[in-house]
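Here is the file start-v3.csv (CSV, C-alpha atoms).
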```
chain,number,residue,atom,x,y,z
H,1,MET,CA,-47.7,-20.7,17.1
H,2,ALA,CA,-45.4,-17.8,16.4
H,3,GLN,CA,-46.9,-14.9,14.4
H,4,GLU,CA,-45.1,-13.6,11.3
H,5,ILE,CA,-44.0,-10.1,11.9
H,6,PRO,CA,-44.7,-7.8,9.0
H,7,PRO,CA,-41.8,-5.7,7.7
H,8,SER,CA,-41.8,-2.2,9.0
H,9,SER,CA,-41.3,0.9,7.0
H,10,THR,CA,-37.8,1.3,8.5
H,11,ASP,CA,-36.6,-2.1,7.3
H,12,ILE,CA,-33.7,-2.0,4.9
H,13,THR,CA,-33.9,-4.1,1.8
H,14,LEU,CA,-30.5,-5.3,0.6
H,15,SER,CA,-29.9,-5.9,-3.0
H,16,ASP,CA,-27.8,-8.6,-4.5
H,17,GLU,CA,-26.6,-6.1,-7.1
H,18,THR,CA,-22.9,-5.1,-6.9
H,19,VAL,CA,-23.3,-2.1,-9.1
H,20,GLY,CA,-22.1,0.9,-7.2
H,21,ALA,CA,-20.3,-1.2,-4.5
H,22,PRO,CA,-16.7,-0.4,-3.8
H,23,PRO,CA,-14.1,-2.5,-5.7
H,24,CYS,CA,-12.5,-5.3,-3.7
H,25,VAL,CA,-8.7,-5.6,-3.3
H,26,LEU,CA,-6.9,-8.5,-1.7
H,27,VAL,CA,-4.2,-7.4,0.8
H,28,PHE,CA,-1.5,-9.7,2.2
H,29,ASN,CA,0.2,-8.0,5.1
H,30,ALA,CA,1.1,-8.3,8.8
H,31,ASN,CA,-1.0,-7.1,11.6
H,32,ASP,CA,0.4,-3.9,13.2
H,33,PRO,CA,-0.9,-3.4,16.7
H,34,SER,CA,0.4,0.2,16.8
H,35,GLY,CA,-1.8,1.1,13.8
H,36,ALA,CA,1.1,2.7,12.0
H,37,GLY,CA,1.0,0.5,9.0
H,38,GLY,CA,0.2,-3.2,8.2
H,39,LEU,CA,-3.3,-4.3,7.6
H,40,SER,CA,-5.0,-1.6,9.7
H,41,GLY,CA,-3.2,1.1,7.6
H,42,ASP,CA,-4.1,-0.7,4.4
H,43,ALA,CA,-7.8,-1.0,5.3
H,44,LEU,CA,-8.0,2.7,6.3
H,45,ALA,CA,-6.3,3.9,3.2
H,46,CYS,CA,-8.3,1.7,0.9
H,47,ALA,CA,-11.6,2.7,2.5
H,48,SER,CA,-10.6,6.4,2.5
H,49,VAL,CA,-10.4,6.4,-1.3
H,50,GLY,CA,-13.3,4.1,-2.0
H,51,ALA,CA,-12.1,0.5,-2.1
H,52,HIS,CA,-13.0,-2.5,0.1
H,53,ALA,CA,-9.9,-4.3,1.5
H,54,LEU,CA,-10.0,-8.1,2.0
H,55,THR,CA,-7.2,-8.4,4.6
H,56,VAL,CA,-5.2,-11.6,4.8
H,57,VAL,CA,-3.1,-11.8,8.0
H,58,THR,CA,0.4,-13.1,7.3
H,59,GLY,CA,1.6,-12.6,10.8
H,60,THR,CA,2.0,-9.8,13.3
H,61,TYR,CA,4.6,-7.3,14.3
H,62,LEU,CA,5.6,-6.9,17.9
H,63,ARG,CA,6.0,-3.1,18.0
H,64,ASP,CA,5.0,0.3,19.3
H,65,THR,CA,5.1,3.6,17.5
H,66,ALA,CA,8.8,4.0,17.9
H,67,GLU,CA,10.3,0.7,16.8
H,68,ILE,CA,9.6,-2.9,15.7
H,69,PHE,CA,10.8,-5.5,18.2
H,70,ASP,CA,10.0,-8.7,16.3
H,71,HIS,CA,7.6,-10.4,14.0
H,72,VAL,CA,5.7,-13.6,14.4
H,73,ALA,CA,4.7,-15.3,11.1
H,74,PHE,CA,1.4,-17.1,10.5
H,75,ASP,CA,1.4,-20.7,9.3
H,76,ASP,CA,1.4,-20.8,5.5
H,77,GLU,CA,-1.7,-23.0,5.3
H,78,ALA,CA,-3.6,-20.4,7.4
H,79,VAL,CA,-2.6,-17.7,5.0
H,80,ALA,CA,-3.6,-19.8,2.0
H,81,GLU,CA,-7.1,-20.6,3.5
H,82,GLN,CA,-7.8,-17.0,4.3
H,83,ALA,CA,-7.0,-15.9,0.7
H,84,ARG,CA,-8.7,-18.6,-1.2
H,85,SER,CA,-11.9,-18.3,0.9
H,86,VAL,CA,-12.4,-14.7,-0.1
H,87,LEU,CA,-11.2,-15.2,-3.7
H,88,GLU,CA,-13.8,-17.8,-4.3
H,89,ASP,CA,-16.5,-15.5,-3.0
H,90,MET,CA,-15.7,-12.1,-4.3
H,91,ASN,CA,-14.3,-10.4,-7.4
H,92,VAL,CA,-10.9,-9.1,-6.6
H,93,ARG,CA,-9.5,-6.3,-8.8
H,94,VAL,CA,-6.0,-5.9,-7.5
H,95,ILE,CA,-3.7,-7.8,-5.1
H,96,LYS,CA,-1.3,-6.0,-2.7
H,97,VAL,CA,1.6,-7.9,-1.2
H,98,GLY,CA,3.1,-6.2,1.9
H,99,PHE,CA,5.3,-7.8,4.5
H,100,CYS,CA,4.6,-11.5,4.7
H,101,GLY,CA,7.0,-12.7,7.3
H,102,ASP,CA,8.7,-15.8,5.8
H,103,PRO,CA,9.5,-17.5,2.5
H,104,GLU,CA,6.8,-20.1,3.1
H,105,ASN,CA,4.1,-17.5,3.0
H,106,LEU,CA,5.7,-15.9,-0.1
H,107,SER,CA,5.5,-19.3,-1.8
H,108,VAL,CA,1.8,-19.6,-1.0
H,109,ILE,CA,1.1,-16.0,-2.3
H,110,ALA,CA,3.0,-16.7,-5.5
H,111,GLU,CA,1.0,-19.9,-6.1
H,112,ILE,CA,-2.3,-17.9,-5.5
H,113,SER,CA,-1.2,-15.1,-7.8
H,114,THR,CA,-0.4,-17.6,-10.5
H,115,ASP,CA,-3.9,-19.1,-10.2
H,116,TYR,CA,-5.3,-15.6,-10.6
H,117,ALA,CA,-2.9,-14.4,-13.2
H,118,ASP,CA,-5.3,-11.8,-14.7
H,119,VAL,CA,-5.3,-9.9,-11.4
H,120,PRO,CA,-2.5,-7.3,-11.2
H,121,VAL,CA,-0.1,-7.4,-8.2
H,122,VAL,CA,1.3,-4.4,-6.4
H,123,ALA,CA,4.2,-5.3,-4.2
H,124,TYR,CA,5.6,-3.1,-1.5
H,125,MET,CA,9.1,-3.7,0.0
H,126,PRO,CA,9.5,-2.0,3.4
H,127,ASN,CA,12.7,-1.3,5.2
H,128,LEU,CA,13.7,-4.5,7.0
H,129,SER,CA,16.7,-3.2,8.9
H,130,TRP,CA,15.0,-4.0,12.3
H,131,TRP,CA,15.2,-7.7,11.5
H,132,GLN,CA,17.9,-10.3,11.8
H,133,ASP,CA,20.3,-10.4,8.9
H,134,GLU,CA,19.8,-14.1,8.1
H,135,LYS,CA,16.0,-13.6,8.0
H,136,ILE,CA,16.3,-10.5,5.8
H,137,ASP,CA,18.5,-12.4,3.3
H,138,ALA,CA,16.2,-15.4,3.1
H,139,TYR,CA,13.1,-13.2,2.8
H,140,LEU,CA,14.6,-11.0,0.0
H,141,ASP,CA,15.8,-14.0,-1.9
H,142,ALA,CA,12.4,-15.6,-1.8
H,143,PHE,CA,10.6,-12.3,-2.7
H,144,ARG,CA,13.0,-11.9,-5.7
H,145,GLU,CA,12.4,-15.4,-6.9
H,146,LEU,CA,8.7,-15.9,-6.1
H,147,ILE,CA,6.9,-12.6,-6.0
H,148,LEU,CA,8.7,-10.3,-8.4
H,149,PRO,CA,8.0,-12.4,-11.5
H,150,GLN,CA,4.3,-12.0,-10.6
H,151,THR,CA,4.5,-8.3,-9.8
H,152,THR,CA,3.0,-5.5,-12.0
H,153,VAL,CA,4.2,-2.6,-9.8
H,154,LEU,CA,7.0,-2.7,-7.3
H,155,ILE,CA,7.0,0.1,-4.6
H,156,GLY,CA,9.8,1.0,-2.3
H,157,ASN,CA,12.0,3.6,-0.8
H,158,HIS,CA,15.0,4.6,-3.0
H,159,ASN,CA,17.6,3.3,-0.5
H,160,THR,CA,15.7,0.1,0.2
H,161,LEU,CA,15.4,-0.8,-3.5
H,162,TRP,CA,18.9,0.3,-4.3
H,163,ARG,CA,20.5,-1.9,-1.6
H,164,TRP,CA,18.3,-4.9,-2.6
H,165,LEU,CA,18.2,-4.8,-6.4
H,166,LEU,CA,21.6,-3.2,-7.1
H,167,PRO,CA,23.9,-4.4,-4.3
H,168,ASP,CA,27.0,-4.2,-6.5
H,169,TRP,CA,26.4,-0.6,-7.7
H,170,SER,CA,29.8,1.0,-8.0
H,171,ASN,CA,29.0,4.3,-9.9
H,172,GLU,CA,29.8,7.5,-8.0
H,173,ARG,CA,26.3,8.8,-8.6
H,174,SER,CA,23.4,7.0,-6.8
H,175,PRO,CA,21.2,4.9,-9.1
H,176,GLY,CA,18.2,6.7,-10.6
H,177,PRO,CA,14.7,5.3,-11.0
H,178,ARG,CA,15.4,3.9,-14.4
H,179,ASP,CA,18.5,2.1,-13.1
H,180,ILE,CA,16.3,0.5,-10.4
H,181,ALA,CA,13.6,-0.2,-12.9
H,182,ARG,CA,16.0,-2.0,-15.2
H,183,ALA,CA,17.2,-4.2,-12.3
H,184,ALA,CA,13.5,-5.0,-11.5
H,185,ALA,CA,12.7,-5.7,-15.1
H,186,GLU,CA,15.3,-8.5,-15.1
H,187,MET,CA,13.0,-10.2,-12.6
H,188,GLY,CA,9.9,-9.6,-14.7
H,189,VAL,CA,8.6,-6.4,-13.1
H,190,PRO,CA,7.4,-3.9,-15.7
H,191,TYR,CA,6.8,-0.8,-13.4
H,192,VAL,CA,8.6,0.5,-10.3
H,193,LEU,CA,7.5,3.4,-8.1
H,194,VAL,CA,10.6,4.7,-6.3
H,195,THR,CA,10.0,7.0,-3.3
H,196,GLY,CA,12.2,9.1,-1.0
H,197,ILE,CA,14.7,10.2,-3.6
H,198,SER,CA,16.6,13.1,-2.0
H,199,GLN,CA,16.6,16.4,-3.9
H,200,PRO,CA,17.9,19.9,-3.1
H,201,ASP,CA,16.0,22.4,-1.0
H,202,GLN,CA,14.6,19.9,1.4
H,203,HIS,CA,12.4,18.1,-1.2
H,204,LEU,CA,11.9,14.4,-1.8
H,205,GLU,CA,11.1,13.0,-5.2
H,206,SER,CA,9.0,9.9,-6.2
H,207,ALA,CA,9.2,8.5,-9.7
H,208,LEU,CA,7.2,5.9,-11.6
H,209,ALA,CA,9.6,4.3,-14.0
H,210,THR,CA,10.1,1.4,-16.5
H,211,ALA,CA,13.4,0.1,-17.8
H,212,HIS,CA,13.2,2.6,-20.7
H,213,THR,CA,11.6,5.8,-19.3
H,214,VAL,CA,10.4,7.7,-16.3
H,215,MET,CA,6.7,7.9,-16.7
H,216,LEU,CA,5.9,10.3,-13.9
H,217,SER,CA,8.0,12.3,-11.4
H,218,GLU,CA,6.7,14.4,-8.5
H,219,ARG,CA,8.4,16.4,-5.7
H,220,PHE,CA,7.1,17.1,-2.3
H,221,GLU,CA,8.5,19.2,0.5
H,222,ARG,CA,10.2,17.1,3.2
H,223,PHE,CA,8.3,17.1,6.5
H,224,ASP,CA,10.2,17.8,9.7
H,225,ALA,CA,9.1,14.6,11.3
H,226,ILE,CA,9.8,10.8,11.3
H,227,PHE,CA,6.8,8.8,10.1
H,228,SER,CA,5.8,5.2,10.4
H,229,GLY,CA,3.4,3.7,7.9
H,230,ALA,CA,4.0,5.9,4.9
H,231,GLY,CA,4.9,3.1,2.5
H,232,ASP,CA,1.8,1.0,3.4
H,233,THR,CA,-0.4,4.1,3.0
H,234,LEU,CA,1.0,4.9,-0.5
H,235,SER,CA,0.8,1.3,-1.7
H,236,ALA,CA,-2.7,0.7,-0.4
H,237,ALA,CA,-3.9,4.0,-1.9
H,238,LEU,CA,-2.4,3.0,-5.3
H,239,VAL,CA,-4.0,-0.4,-5.2
H,240,ALA,CA,-7.4,1.2,-4.4
H,241,MET,CA,-7.0,3.8,-7.2
H,242,LEU,CA,-6.2,1.1,-9.7
H,243,ALA,CA,-9.1,-1.1,-8.5
H,244,ALA,CA,-11.4,1.9,-9.1
H,245,GLY,CA,-10.4,2.1,-12.8
H,246,SER,CA,-7.7,4.7,-12.9
H,247,ASP,CA,-4.8,4.2,-15.3
H,248,LEU,CA,-1.4,3.7,-13.7
H,249,GLU,CA,0.0,7.2,-14.1
H,250,GLU,CA,-3.2,8.8,-12.8
H,251,ALA,CA,-3.4,6.4,-9.9
H,252,THR,CA,0.2,7.1,-9.0
H,253,HIS,CA,-0.3,10.8,-9.0
H,254,GLU,CA,-3.5,10.6,-6.9
H,255,ALA,CA,-1.9,8.1,-4.4
H,256,LEU,CA,1.1,10.4,-4.0
H,257,GLU,CA,-1.2,13.3,-3.3
H,258,PHE,CA,-3.2,11.2,-0.8
H,259,LEU,CA,0.0,10.3,1.0
H,260,ASP,CA,1.2,13.9,1.1
H,261,GLN,CA,-2.0,15.1,2.7
H,262,SER,CA,-2.1,12.1,5.1
H,263,LEU,CA,1.4,13.0,6.3
H,264,ASN,CA,0.6,16.7,6.4
H,265,SER,CA,-2.3,15.8,8.8
H,266,GLY,CA,-0.2,13.2,10.7
H,267,PHE,CA,-0.5,12.7,14.4
H,268,ARG,CA,1.5,11.2,17.2
H,269,PRO,CA,-0.6,8.9,19.4
H,270,GLY,CA,2.3,7.7,21.5
H,271,MET,CA,5.9,8.6,22.4
H,272,GLY,CA,7.3,7.4,19.0
H,273,HIS,CA,6.9,8.4,15.4
H,274,VAL,CA,4.1,10.3,13.7
H,275,LEU,CA,1.5,8.3,11.9
H,276,PRO,CA,-0.3,9.3,8.7
H,277,ASP,CA,-3.9,10.4,9.1
H,278,ARG,CA,-5.6,8.5,6.3
H,279,LEU,CA,-8.9,10.1,7.1
H,280,PHE,CA,-7.7,13.7,6.8
H,281,TRP,CA,-10.6,14.6,4.6
H,282,ALA,CA,-13.0,13.9,7.6
H,283,GLU,CA,-11.3,16.7,9.5
H,284,MET,CA,-11.8,18.9,6.5
H,285,GLU,CA,-15.5,18.3,6.7
H,286,ASP,CA,-15.6,19.0,10.4
H,287,ASP,CA,-14.0,22.4,9.8
H,288,ILE,CA,-17.0,23.5,7.8
H,289,THR,CA,-19.1,25.8,10.1
H,290,ASP,CA,-21.2,27.6,7.5
H,291,SER,CA,-24.2,25.5,6.6
H,292,ASP,CA,-24.4,27.2,3.2
H,293,GLU,CA,-20.8,26.2,2.4
H,294,ARG,CA,-20.6,23.1,0.2
H,295,PRO,CA,-18.6,20.2,1.7
H,296,PRO,CA,-15.3,19.3,0.0
H,297,THR,CA,-15.5,16.9,-2.9
H,298,ALA,CA,-12.9,14.4,-4.0
H,299,GLU,CA,-11.5,16.9,-6.4
H,300,ASP,CA,-10.8,19.4,-3.5
H,301,PHE,CA,-8.0,17.1,-2.2
H,302,SER,CA,-7.0,15.6,-5.6
H,303,LEU,CA,-8.8,12.3,-5.3
H,304,PRO,CA,-10.9,11.0,-8.2
H,305,ARG,CA,-14.7,10.9,-7.7
H,306,HIS,CA,-16.1,7.4,-7.4
H,307,GLU,CA,-19.6,6.0,-7.7
H,308,THR,CA,-19.7,4.2,-4.3
H,309,LYS,CA,-23.1,4.3,-2.7
H,310,HIS,CA,-23.4,3.8,1.1
```

For this file, produce the structure as structure tokens.
Amino acid sequence: MAQEIPPSSTDITLSDETVGAPPCVLVFNANDPSGAGGLSGDALACASVGAHALTVVTGTYLRDTAEIFDHVAFDDEAVAEQARSVLEDMNVRVIKVGFCGDPENLSVIAEISTDYADVPVVAYMPNLSWWQDEKIDAYLDAFRELILPQTTVLIGNHNTLWRWLLPDWSNERSPGPRDIARAAAEMGVPYVLVTGISQPDQHLESALATAHTVMLSERFERFDAIFSGAGDTLSAALVAMLAAGSDLEEATHEALEFLDQSLNSGFRPGMGHVLPDRLFWAEMEDDITDSDERPPTAEDFSLPRHETKH
């Protein structure tokens, strides 16, 4: 007869309470074996700012750090089962839609978003110039019809959103954030975060806009490097900030600061592009040599303090 082993003093008692736990965010995105972006980038960025990413694999890129060669999409039923399994188990604060591979997957995500209509959706549209033209057209058409009506915040590079949402733009000046936001509003999107707007003196501007106004605009010095994964990093950080309770303007400001510091600490693990370091703050802690010096807090690198307990 087996003896019951008494608990030792080192046993950890786990509580069923969720108070103090990181907020959960649901992320639809492709696997990225290079670690530049995709689900691995999302998970790192979310964890870095205090959220727990529930990652739904929509497919996988075939790529290295220099270029994307192809993409293989998951079956739409597999995508649906992944998402519904976690949604029925955990309280999801925000949904992120990254690159999802094909219109069938977008249809599934739109259906799920409709079923959870009280959960805000942040959609990121990456540059798809590496893909075949017919696949790009089918994907963009499906995204416009199925995902944009469900989207709370649309994020994308200025050129990407311009070519997609304003293909017939004929004005001599390039469209501003409000122009792009007006086009998105016609599809039901209330807020657009436009990044990579070229400015004088080697600066880039990002602007949070509606059809009626620019809510926030920030400029950052252009880095002398080519990055992969910046868009996924920014969108994941914004999702995490919103899930933690920040309002949209504050979350946007903090997410942009997070991206800037991630890029400033970027690294080149291969022979291709530079990748954002989403754990740059860990290096800041490692640099502390004086035991009497306090470690950096969230405020030291412009991130909001959260109440997560580990």

_Selection: 7 Å around Gly229 of chain H, all atoms listed in the file, excl. self and same-chain fewer than 4 positions, as a ChimeraX atom specification_ = /H:36-37,233,275-276

From the list H:Thr114, H:Gln150, H:Asn171, H:Ser48, the nearest residue to Met241 of chain H using all atoms listed in the file is H:Ser48

Worksheet entry | Test item: residues at most 12 Å from Ala243 of chain H, only C-alpha atoms, excluding those fewer than 4 positions along its chain, as a ChimeraX atom specification | /H:21-26,46-47,49-53,91-96,119-122,236-239,247-248,251,306

Quiz prompt | Selected residue, from H:Gly156, H:Pro103, H:Tyr61, H:Asp115, that lies nearest to Leu140 of chain H when counting all atoms listed in the file | solution =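 For Leu140 of chain H, the nearest of the given residues is H:Pro103.
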
Review point. If we count all atoms listed in the file, what is near Asp179 of chain H at a cut-off of 8 Å, once residues fewer than 4 positions away on the same chain are taken out, given as a ChimeraX atom specification?
Key: /H:175,183,211

Using only C-alpha atoms, the residue out of H:Leu128, H:Ala110, H:Val86, H:Leu166 with shortest distance to Asp70 of chain H is H:Leu128
